[in-house]
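Below you'll find the structure, written out as structure tokens, and then a few comments.
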Amino acid sequence: MKYSFPEHFWWGSASSALQTEGTREGQTTWDYWFTREPNRFHNGVGPQHTSTFYQHWKTDIQLLKQLNHNSFRTSISWARLIPDGIGEVNPQAVDFYNQVIDELIEQGITPFITLFHFDMPMAMQEIGGWENRDVVEAYARYAQICFELFGDRVLHWFTFNEPIVPVEGGYLYDFHYPNVVDFRRAATVAYNTVLAHALAVRAYRAGHYAGEIGIVLNLTPSYPRSQNPADVKAAHIADLMFNRSFLDPVLRGEYPADLVTLLKSYEQLPACKPEDSALIAEGKIDLLGINYYQPRRVKCRDSAVNPQAPFMPEWFFDNYEMPGRKMNPYRGWEIYEPGIYDILVNLRDNYGNPRCFISENGMGVENEQRFIENGQINDQYRIDFISGHLTWLHKGISEGCNCLGYHMWTFIDNWSWCNAYKNRYGFIQLDLDTQQRTIKKSGEWFAATSLNNSFDK
Ligand code: BGP
């Protein structure tokens, strides 16, 4: 069967500043944390070992063109642009981002720009990071500077990439700096991130720029083990905590009432100011980026909560390992293609069918060298992964969902936070010693799909 996509469908990939660029003036939390605890990073490889986009941006953009990308998302590094987060703008950074943006446009690739992809300037973290409203203000200033510098050419802006991940990683589950385990502080970080988002949207609207502004959320549809009311309730709470805590403010302009009630009853609500609600309502977006990697399967808890244990989302559910689920064993994530369709249908039916696109989807695989045939990685599993998801996306579009494109994570194998280079995601293989880039079979498949705006399966 042939799967064709709407005209002007966005085909591309996503990356981020910290994971690709390399050497930078301003320090981020990642640089600092690595000096403190290198053992937290796979094989002790830290954020200085990137795919060197800062040096190779021009030839890398040629490779994007070879992949027939018509669009590409990366982020601006706040710490590169404003090394201490709040002071002087670094002119070399302005030159660099201008060159990248201009070259992308020159090559017919529409730049999509994220303002924050997990990379907090260390100077901002030192004064409390997202827990401090001064940092929220500093971010709003940074966003405004970006709009002024690049907003004449960048027409698709994203305030944050997966804003719940720094909340989970840094304040609940100990996989990002500052490694705090404290729900109320996590809720404060989440809340202040929403305020920062809304301030950036406000600044964008005030500047009357030609483009659009949105956010990228990692949506994990929550499936209950069964239709038993206790399982359904568990899935509902997981959905409130992990999806709707950001989805509702950015699409409806307010938090779900039952999330607020729940957190209030456990005394976990962050400090709010009376003027916040009006600001949050101003944060409604034009375009939603959806990162989809895995579903969340839950069931009601089997055991009573230990009242001495720190308050956690898991007070309300247990994770459920569905028998027979398809796994990506390297990343430990379930592969569930219909999830993409369920997300789109939920947006269509419950959120007014917003303009959206898949901003990340991908499969990280370990030791891909074993699949080399005639000098090229034959990653048929990745082609199957992509085409499997695209068929469900196609079904969503054919049923009226407003999905405008599909971006993969990522174009060249890159450094992946605590996993460093353990799992490779790229359309293009990166030789870490020589920095040589070689297109994988999936890259060729994607280039053909993008060119034809269709694929056969
Ligand atoms: C997303 C992030 C990316 C990227 C990707 C792959 O959550 O936006 O930055 O890293 O996941 O995940 P990981 O690197 O953890 O394997």
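In the structure tokens, chains take letters A, B, ... by order of appearance, with residues numbered from 1 within each chain and ligands from 1 in the order shown.
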### Within 8 Å of segment 355-359 of chain A using only C-alpha atoms, minus same-chain residues under 5 positions, as a PyMOL selection string
chain A and resi 13-14+216+286-292+402-408
Go through segment 184-249 of chain A residue by residue and, counting only C-alpha atoms, keep those with an atom at most 8 Å from segment 303-316 of chain A; for each kept residue give the shortest atom pair and its distance in Å to one decimal, ordered by chain and increasing number, as JSON lines.
```
{"residue": "A:Ala234", "atom": "CA", "partner": "A:Phe316", "partner_atom": "CA", "distance": 5.9}
{"residue": "A:Ile237", "atom": "CA", "partner": "A:Phe316", "partner_atom": "CA", "distance": 6.9}
{"residue": "A:Ala238", "atom": "CA", "partner": "A:Pro313", "partner_atom": "CA", "distance": 7.2}
{"residue": "A:Met241", "atom": "CA", "partner": "A:Pro313", "partner_atom": "CA", "distance": 7.2}
```
#### Entry: Contacts to ligand 1 at 9 Å cut-off (only C-alpha atoms and all ligand atoms) as a ChimeraX atom specification
/A:14-16,18-19,117-118,161-162,165,216-218,291-293,331,360-364,409-410,414-425
Give me, as a compact mmCIF listing (two decimals) with all heavy atoms, in the first residue's frame, the residues of segment 151-247 of chain A that a backbone DSSP run labels helix (DSSP H, G or I).
```txt
# COMPACT_ATOMS: atom_id res chain seq x y z
N ILE A 164 8.96 18.71 31.02
CA ILE A 164 8.77 17.85 32.20
C ILE A 164 10.02 17.03 32.51
O ILE A 164 10.19 16.54 33.63
CB ILE A 164 7.52 16.94 32.05
CG1 ILE A 164 7.08 16.51 33.44
CG2 ILE A 164 7.78 15.75 31.15
CD1 ILE A 164 5.65 16.10 33.55
N VAL A 165 10.90 16.90 31.54
CA VAL A 165 12.08 16.04 31.78
C VAL A 165 13.02 16.63 32.83
O VAL A 165 13.44 15.92 33.75
CB VAL A 165 12.78 15.69 30.45
CG1 VAL A 165 14.13 15.03 30.70
CG2 VAL A 165 11.89 14.76 29.62
N PRO A 166 13.36 17.94 32.77
CA PRO A 166 14.17 18.48 33.87
C PRO A 166 13.46 18.39 35.23
O PRO A 166 14.13 18.29 36.27
CB PRO A 166 14.39 19.95 33.46
CG PRO A 166 14.24 19.95 31.97
CD PRO A 166 13.19 18.91 31.67
N VAL A 167 12.14 18.41 35.22
CA VAL A 167 11.37 18.26 36.47
C VAL A 167 11.57 16.84 37.02
O VAL A 167 11.92 16.64 38.19
CB VAL A 167 9.86 18.51 36.21
CG1 VAL A 167 9.05 18.25 37.47
CG2 VAL A 167 9.63 19.91 35.67
N GLU A 168 11.36 15.88 36.14
CA GLU A 168 11.50 14.48 36.55
C GLU A 168 12.95 14.16 36.90
O GLU A 168 13.24 13.55 37.92
CB GLU A 168 11.08 13.54 35.40
CG GLU A 168 9.62 13.62 35.03
CD GLU A 168 9.29 12.79 33.79
OE1 GLU A 168 10.20 12.42 33.03
OE2 GLU A 168 8.11 12.52 33.59
N GLY A 169 13.84 14.56 35.99
CA GLY A 169 15.25 14.19 36.15
C GLY A 169 15.91 14.92 37.32
O GLY A 169 16.65 14.30 38.10
N GLY A 170 15.62 16.20 37.45
CA GLY A 170 16.34 17.01 38.43
C GLY A 170 15.71 17.04 39.81
O GLY A 170 16.39 17.33 40.80
N TYR A 171 14.38 16.75 39.89
CA TYR A 171 13.69 17.00 41.17
C TYR A 171 12.85 15.81 41.68
O TYR A 171 12.23 15.91 42.72
CB TYR A 171 12.83 18.26 41.05
CG TYR A 171 13.69 19.49 40.83
CD1 TYR A 171 14.09 19.86 39.55
CD2 TYR A 171 14.17 20.22 41.91
CE1 TYR A 171 14.93 20.96 39.34
CE2 TYR A 171 15.01 21.32 41.72
CZ TYR A 171 15.39 21.68 40.43
OH TYR A 171 16.22 22.75 40.24
N PHE A 183 8.88 16.45 45.73
CA PHE A 183 7.77 16.72 44.81
C PHE A 183 7.39 18.20 44.77
O PHE A 183 7.14 18.76 43.71
CB PHE A 183 6.53 15.87 45.16
CG PHE A 183 5.49 15.93 44.09
CD1 PHE A 183 5.38 14.93 43.14
CD2 PHE A 183 4.61 17.02 43.99
CE1 PHE A 183 4.44 15.00 42.13
CE2 PHE A 183 3.67 17.10 42.97
CZ PHE A 183 3.58 16.09 42.05
N ARG A 184 7.34 18.83 45.92
CA ARG A 184 6.87 20.23 45.91
C ARG A 184 7.85 21.12 45.15
O ARG A 184 7.45 22.02 44.42
CB ARG A 184 6.65 20.74 47.34
CG ARG A 184 5.92 22.07 47.32
CD ARG A 184 5.24 22.40 48.62
NE ARG A 184 4.51 23.65 48.46
CZ ARG A 184 5.04 24.85 48.67
NH1 ARG A 184 6.30 24.97 49.05
NH2 ARG A 184 4.30 25.94 48.50
N ARG A 185 9.13 20.83 45.30
CA ARG A 185 10.11 21.59 44.52
C ARG A 185 9.98 21.25 43.04
O ARG A 185 10.10 22.12 42.17
CB ARG A 185 11.53 21.31 45.04
CG ARG A 185 11.75 21.90 46.42
CD ARG A 185 13.12 21.57 46.97
NE ARG A 185 14.20 22.20 46.21
CZ ARG A 185 15.50 22.01 46.46
NH1 ARG A 185 15.87 21.21 47.45
NH2 ARG A 185 16.42 22.61 45.74
N ALA A 186 9.68 20.01 42.74
CA ALA A 186 9.45 19.61 41.34
C ALA A 186 8.26 20.37 40.77
O ALA A 186 8.30 20.90 39.64
CB ALA A 186 9.21 18.10 41.25
N ALA A 187 7.20 20.46 41.58
CA ALA A 187 5.99 21.17 41.11
C ALA A 187 6.30 22.64 40.90
O ALA A 187 5.81 23.27 39.96
CB ALA A 187 4.87 20.99 42.14
N THR A 188 7.15 23.20 41.75
CA THR A 188 7.55 24.61 41.59
C THR A 188 8.31 24.80 40.28
O THR A 188 8.07 25.76 39.53
CB THR A 188 8.43 25.03 42.80
OG1 THR A 188 7.67 24.81 43.99
CG2 THR A 188 8.85 26.48 42.70
N VAL A 189 9.22 23.89 40.02
CA VAL A 189 10.00 23.97 38.77
C VAL A 189 9.06 23.87 37.56
O VAL A 189 9.16 24.65 36.61
CB VAL A 189 11.08 22.86 38.76
CG1 VAL A 189 11.69 22.68 37.37
CG2 VAL A 189 12.17 23.19 39.77
N ALA A 190 8.12 22.93 37.63
CA ALA A 190 7.17 22.77 36.51
C ALA A 190 6.33 24.04 36.33
O ALA A 190 6.16 24.55 35.22
CB ALA A 190 6.27 21.56 36.76
N TYR A 191 5.85 24.54 37.43
CA TYR A 191 4.99 25.74 37.40
C TYR A 191 5.75 26.95 36.85
O TYR A 191 5.27 27.67 35.97
CB TYR A 191 4.47 26.00 38.81
CG TYR A 191 3.48 27.13 38.92
CD1 TYR A 191 2.18 26.98 38.43
CD2 TYR A 191 3.82 28.33 39.54
CE1 TYR A 191 1.26 28.02 38.55
CE2 TYR A 191 2.90 29.36 39.66
CZ TYR A 191 1.62 29.20 39.15
OH TYR A 191 0.69 30.22 39.26
N ASN A 192 6.96 27.14 37.36
CA ASN A 192 7.74 28.29 36.91
C ASN A 192 8.16 28.14 35.45
O ASN A 192 8.32 29.14 34.74
CB ASN A 192 8.97 28.48 37.81
CG ASN A 192 8.57 29.05 39.16
OD1 ASN A 192 7.43 29.46 39.36
ND2 ASN A 192 9.51 29.07 40.09
N THR A 193 8.31 26.92 34.98
CA THR A 193 8.61 26.71 33.56
C THR A 193 7.41 27.15 32.72
O THR A 193 7.59 27.77 31.66
CB THR A 193 8.92 25.21 33.29
OG1 THR A 193 9.93 24.79 34.18
CG2 THR A 193 9.38 25.00 31.87
N VAL A 194 6.22 26.85 33.19
CA VAL A 194 5.02 27.29 32.47
C VAL A 194 4.95 28.82 32.45
O VAL A 194 4.62 29.43 31.43
CB VAL A 194 3.74 26.65 33.07
CG1 VAL A 194 2.48 27.33 32.55
CG2 VAL A 194 3.70 25.16 32.75
N LEU A 195 5.31 29.44 33.57
CA LEU A 195 5.33 30.92 33.60
C LEU A 195 6.37 31.46 32.62
O LEU A 195 6.12 32.44 31.90
CB LEU A 195 5.64 31.43 35.01
CG LEU A 195 4.65 31.07 36.12
CD1 LEU A 195 5.12 31.65 37.46
CD2 LEU A 195 3.24 31.58 35.80
N ALA A 196 7.54 30.83 32.59
CA ALA A 196 8.61 31.27 31.67
C ALA A 196 8.13 31.14 30.22
O ALA A 196 8.32 32.04 29.40
CB ALA A 196 9.86 30.44 31.90
N HIS A 197 7.49 30.01 29.95
CA HIS A 197 6.92 29.79 28.61
C HIS A 197 5.95 30.93 28.26
O HIS A 197 6.02 31.52 27.18
CB HIS A 197 6.22 28.43 28.58
CG HIS A 197 5.17 28.31 27.52
ND1 HIS A 197 5.48 27.96 26.22
CD2 HIS A 197 3.83 28.54 27.55
CE1 HIS A 197 4.37 27.99 25.50
NE2 HIS A 197 3.36 28.32 26.28
N ALA A 198 5.05 31.22 29.21
CA ALA A 198 4.01 32.21 28.93
C ALA A 198 4.62 33.60 28.74
O ALA A 198 4.17 34.38 27.89
CB ALA A 198 2.99 32.21 30.06
N LEU A 199 5.66 33.90 29.50
CA LEU A 199 6.33 35.21 29.33
C LEU A 199 6.96 35.31 27.94
O LEU A 199 6.93 36.37 27.30
CB LEU A 199 7.40 35.42 30.40
CG LEU A 199 6.92 35.87 31.77
CD1 LEU A 199 8.10 35.92 32.74
CD2 LEU A 199 6.22 37.24 31.72
N ALA A 200 7.53 34.20 27.47
CA ALA A 200 8.14 34.20 26.13
C ALA A 200 7.06 34.38 25.07
O ALA A 200 7.24 35.13 24.10
CB ALA A 200 8.93 32.91 25.91
N VAL A 201 5.94 33.70 25.25
CA VAL A 201 4.83 33.85 24.28
C VAL A 201 4.35 35.31 24.29
O VAL A 201 4.14 35.91 23.23
CB VAL A 201 3.67 32.89 24.61
CG1 VAL A 201 2.46 33.16 23.72
CG2 VAL A 201 4.12 31.44 24.45
N ARG A 202 4.24 35.87 25.49
CA ARG A 202 3.80 37.27 25.59
C ARG A 202 4.77 38.18 24.83
O ARG A 202 4.35 39.06 24.07
CB ARG A 202 3.73 37.66 27.07
CG ARG A 202 3.30 39.10 27.28
CD ARG A 202 3.42 39.49 28.74
NE ARG A 202 2.26 39.14 29.53
CZ ARG A 202 2.18 39.29 30.86
NH1 ARG A 202 3.23 39.74 31.53
NH2 ARG A 202 1.08 38.96 31.51
N ALA A 203 6.06 37.97 25.03
CA ALA A 203 7.07 38.81 24.35
C ALA A 203 6.98 38.62 22.83
O ALA A 203 7.11 39.59 22.07
CB ALA A 203 8.47 38.44 24.84
N TYR A 204 6.75 37.40 22.42
CA TYR A 204 6.66 37.13 20.97
C TYR A 204 5.45 37.86 20.37
O TYR A 204 5.55 38.47 19.31
CB TYR A 204 6.56 35.62 20.73
CG TYR A 204 6.79 35.27 19.28
CD1 TYR A 204 8.06 35.36 18.73
CD2 TYR A 204 5.73 34.85 18.46
CE1 TYR A 204 8.29 35.06 17.39
CE2 TYR A 204 5.94 34.55 17.14
CZ TYR A 204 7.23 34.64 16.60
OH TYR A 204 7.45 34.34 15.28
N ARG A 205 4.33 37.76 21.06
CA ARG A 205 3.11 38.44 20.56
C ARG A 205 3.33 39.96 20.53
O ARG A 205 2.95 40.63 19.58
CB ARG A 205 1.91 38.15 21.46
CG ARG A 205 1.63 36.66 21.69
CD ARG A 205 0.61 36.11 20.71
NE ARG A 205 0.35 34.70 21.00
CZ ARG A 205 0.73 33.68 20.24
NH1 ARG A 205 1.36 33.90 19.09
NH2 ARG A 205 0.45 32.43 20.56
N ALA A 206 3.98 40.46 21.57
CA ALA A 206 4.17 41.92 21.66
C ALA A 206 5.06 42.42 20.52
O ALA A 206 4.92 43.55 20.07
CB ALA A 206 4.79 42.29 23.00
N PRO A 229 -12.19 0.18 37.60
CA PRO A 229 -12.12 1.60 37.95
C PRO A 229 -10.82 2.00 38.64
O PRO A 229 -10.31 3.11 38.44
CB PRO A 229 -13.32 1.81 38.88
CG PRO A 229 -14.26 0.70 38.56
CD PRO A 229 -13.44 -0.45 38.05
N ALA A 230 -10.23 1.10 39.41
CA ALA A 230 -8.98 1.45 40.11
C ALA A 230 -7.84 1.61 39.11
O ALA A 230 -6.99 2.51 39.25
CB ALA A 230 -8.66 0.38 41.15
N ASP A 231 -7.80 0.77 38.09
CA ASP A 231 -6.76 0.90 37.06
C ASP A 231 -6.99 2.16 36.23
O ASP A 231 -6.05 2.88 35.89
CB ASP A 231 -6.77 -0.32 36.13
CG ASP A 231 -6.13 -1.55 36.77
OD1 ASP A 231 -5.42 -1.39 37.79
OD2 ASP A 231 -6.35 -2.67 36.26
N VAL A 232 -8.25 2.41 35.91
CA VAL A 232 -8.58 3.60 35.10
C VAL A 232 -8.20 4.87 35.85
O VAL A 232 -7.62 5.80 35.29
CB VAL A 232 -10.08 3.60 34.72
CG1 VAL A 232 -10.49 4.91 34.06
CG2 VAL A 232 -10.39 2.41 33.79
N LYS A 233 -8.47 4.87 37.15
CA LYS A 233 -8.11 6.05 37.96
C LYS A 233 -6.58 6.24 37.99
O LYS A 233 -6.06 7.36 37.90
CB LYS A 233 -8.66 5.88 39.39
CG LYS A 233 -8.48 7.11 40.22
CD LYS A 233 -9.15 6.96 41.58
CE LYS A 233 -8.78 8.15 42.46
NZ LYS A 233 -8.95 7.88 43.87
N ALA A 234 -5.88 5.13 38.10
CA ALA A 234 -4.40 5.20 38.12
C ALA A 234 -3.90 5.83 36.82
O ALA A 234 -3.02 6.71 36.82
CB ALA A 234 -3.82 3.79 38.29
N ALA A 235 -4.48 5.42 35.69
CA ALA A 235 -4.05 5.97 34.39
C ALA A 235 -4.41 7.44 34.28
O ALA A 235 -3.65 8.24 33.73
CB ALA A 235 -4.69 5.17 33.25
N HIS A 236 -5.57 7.78 34.83
CA HIS A 236 -6.01 9.19 34.79
C HIS A 236 -5.02 10.08 35.56
O HIS A 236 -4.61 11.14 35.07
CB HIS A 236 -7.42 9.30 35.37
CG HIS A 236 -7.90 10.71 35.49
ND1 HIS A 236 -8.10 11.52 34.39
CD2 HIS A 236 -8.19 11.48 36.58
CE1 HIS A 236 -8.51 12.72 34.80
NE2 HIS A 236 -8.57 12.72 36.12
N ILE A 237 -4.60 9.62 36.73
CA ILE A 237 -3.68 10.45 37.52
C ILE A 237 -2.31 10.53 36.84
O ILE A 237 -1.70 11.61 36.80
CB ILE A 237 -3.59 9.93 38.97
CG1 ILE A 237 -4.97 10.11 39.65
CG2 ILE A 237 -2.50 10.66 39.75
CD1 ILE A 237 -5.05 9.68 41.08
N ALA A 238 -1.86 9.43 36.27
CA ALA A 238 -0.58 9.47 35.55
C ALA A 238 -0.67 10.47 34.39
O ALA A 238 0.27 11.24 34.14
CB ALA A 238 -0.21 8.08 35.05
N ASP A 239 -1.79 10.46 33.71
CA ASP A 239 -2.00 11.39 32.60
C ASP A 239 -1.98 12.84 33.09
O ASP A 239 -1.35 13.72 32.47
CB ASP A 239 -3.34 11.05 31.93
CG ASP A 239 -3.58 11.84 30.67
OD1 ASP A 239 -2.62 12.03 29.89
OD2 ASP A 239 -4.73 12.26 30.44
N LEU A 240 -2.65 13.08 34.20
CA LEU A 240 -2.66 14.45 34.77
C LEU A 240 -1.25 14.91 35.10
O LEU A 240 -0.85 16.03 34.78
CB LEU A 240 -3.47 14.48 36.07
CG LEU A 240 -4.99 14.44 35.98
CD1 LEU A 240 -5.58 14.37 37.40
CD2 LEU A 240 -5.54 15.65 35.26
N MET A 241 -0.50 14.03 35.73
CA MET A 241 0.83 14.42 36.21
C MET A 241 1.82 14.60 35.06
O MET A 241 2.58 15.57 35.05
CB MET A 241 1.39 13.33 37.13
CG MET A 241 0.58 13.16 38.38
SD MET A 241 1.58 13.58 39.78
CE MET A 241 0.55 13.11 41.14
N PHE A 242 1.82 13.67 34.11
CA PHE A 242 2.91 13.65 33.13
C PHE A 242 2.55 14.31 31.80
O PHE A 242 3.44 14.72 31.07
CB PHE A 242 3.40 12.21 32.89
CG PHE A 242 4.02 11.60 34.11
CD1 PHE A 242 3.35 10.62 34.83
CD2 PHE A 242 5.27 12.02 34.55
CE1 PHE A 242 3.92 10.07 35.97
CE2 PHE A 242 5.84 11.48 35.69
CZ PHE A 242 5.17 10.49 36.40
N ASN A 243 1.29 14.34 31.45
CA ASN A 243 0.92 14.96 30.16
C ASN A 243 0.19 16.29 30.38
O ASN A 243 0.61 17.34 29.90
CB ASN A 243 0.00 14.04 29.36
CG ASN A 243 0.70 12.74 28.98
OD1 ASN A 243 1.87 12.75 28.59
ND2 ASN A 243 0.00 11.63 29.10
N ARG A 244 -0.89 16.22 31.15
CA ARG A 244 -1.76 17.38 31.21
C ARG A 244 -1.19 18.52 32.06
O ARG A 244 -1.65 19.66 31.96
CB ARG A 244 -3.15 16.94 31.70
CG ARG A 244 -3.80 16.00 30.66
CD ARG A 244 -5.21 15.65 31.00
NE ARG A 244 -6.02 16.84 31.15
CZ ARG A 244 -7.23 16.85 31.72
NH1 ARG A 244 -7.75 15.71 32.18
NH2 ARG A 244 -7.92 17.97 31.83
N SER A 245 -0.17 18.23 32.85
CA SER A 245 0.47 19.29 33.64
C SER A 245 1.09 20.35 32.73
O SER A 245 1.29 21.49 33.15
CB SER A 245 1.55 18.69 34.55
OG SER A 245 2.43 17.88 33.79
N PHE A 246 1.42 20.00 31.51
CA PHE A 246 1.89 20.99 30.55
C PHE A 246 0.91 21.19 29.39
O PHE A 246 0.76 22.29 28.88
CB PHE A 246 3.28 20.61 30.00
CG PHE A 246 4.38 20.93 30.98
CD1 PHE A 246 4.84 19.96 31.87
CD2 PHE A 246 4.93 22.20 31.05
CE1 PHE A 246 5.83 20.26 32.80
CE2 PHE A 246 5.92 22.52 31.97
CZ PHE A 246 6.37 21.55 32.84
N LEU A 247 0.28 20.11 28.98
CA LEU A 247 -0.60 20.20 27.80
C LEU A 247 -1.77 21.16 28.04
O LEU A 247 -2.09 21.99 27.17
CB LEU A 247 -1.14 18.79 27.50
CG LEU A 247 -1.81 18.56 26.16
CD1 LEU A 247 -0.89 18.91 25.01
CD2 LEU A 247 -2.28 17.10 26.05
```
### Task
Find the spatial neighbours of Gln48 of chain A, counting only C-alpha atoms, within a cut-off of 7 Å - ignore same-chain residues fewer than 2 positions away - and output them as a ChimeraX atom specification.
/A:22-23,46,50
### Task
Find the spatial neighbours of Leu115 of chain A, counting only C-alpha atoms, within a cut-off of 8 Å - ignore same-chain residues fewer than 5 positions away - and output them as a list in words.
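Here the answer would be Ser75, Ile76, Ser77, Trp78, Ala143, Trp157, Phe158, Thr159, Phe160 and Asn161 of chain A.
With only C-alpha atoms as the basis for measurement, A:Asp431 is the residue among A:Lys2, A:Asp431, A:Lys264, A:Trp11 that approaches Gln369 of chain A most closely.
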Taking a cut-off of 10 Å and counting only C-alpha atoms, can you build a table that, for each residue of segment 330-349 of chain A near segment 376-398 of chain A, reports the nearest atom pair and how far apart they are in Å (one decimal), sorted by chain then residue number, as JSON lines?
```
{"residue": "A:Ile335", "atom": "CA", "partner": "A:Phe385", "partner_atom": "CA", "distance": 8.2}
{"residue": "A:Tyr336", "atom": "CA", "partner": "A:His389", "partner_atom": "CA", "distance": 8.3}
{"residue": "A:Glu337", "atom": "CA", "partner": "A:His389", "partner_atom": "CA", "distance": 4.9}
{"residue": "A:Pro338", "atom": "CA", "partner": "A:Trp392", "partner_atom": "CA", "distance": 5.8}
{"residue": "A:Gly339", "atom": "CA", "partner": "A:Trp392", "partner_atom": "CA", "distance": 8.2}
{"residue": "A:Ile340", "atom": "CA", "partner": "A:Leu393", "partner_atom": "CA", "distance": 6.3}
{"residue": "A:Tyr341", "atom": "CA", "partner": "A:Trp392", "partner_atom": "CA", "distance": 5.4}
{"residue": "A:Asp342", "atom": "CA", "partner": "A:Gly396", "partner_atom": "CA", "distance": 8.3}
{"residue": "A:Ile343", "atom": "CA", "partner": "A:Gly396", "partner_atom": "CA", "distance": 9.2}
{"residue": "A:Leu344", "atom": "CA", "partner": "A:Gly396", "partner_atom": "CA", "distance": 6.4}
{"residue": "A:Val345", "atom": "CA", "partner": "A:Gly396", "partner_atom": "CA", "distance": 6.8}
{"residue": "A:Arg348", "atom": "CA", "partner": "A:Gly396", "partner_atom": "CA", "distance": 9.4}
```
### Task
Using backbone DSSP assignments, extract all strand (DSSP E or B) residues from segment 200-358 of chain A; output them as a VMD selection string.
chain A and resid 212 to 218 222 to 224 287 to 291 296 to 299 318 to 319 327 to 328 333 to 334 356 to 358
### Atom-to-atom span, atom CA of His49 of chain A and atom CA of Pro178 of chain A, Å
21.4 Å
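Of the residues listed (A:Asp248, A:Glu444, A:Glu7, A:Glu25), A:Glu25 shows the shortest atom-to-atom separation from Ala93 of chain A; distances use only C-alpha atoms.
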### Query
At what distance in Å, to one decimal, does atom CA of Ser51 of chain A lie from atom CA of Gln436 of chain A?
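That distance, rounded to one decimal, is 9.7 Å.
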## Note on the structure
Of A:His208, A:His42, A:Arg73, A:Arg133, the one sitting nearest Cys272 of chain A when using only C-alpha atoms is A:Arg133
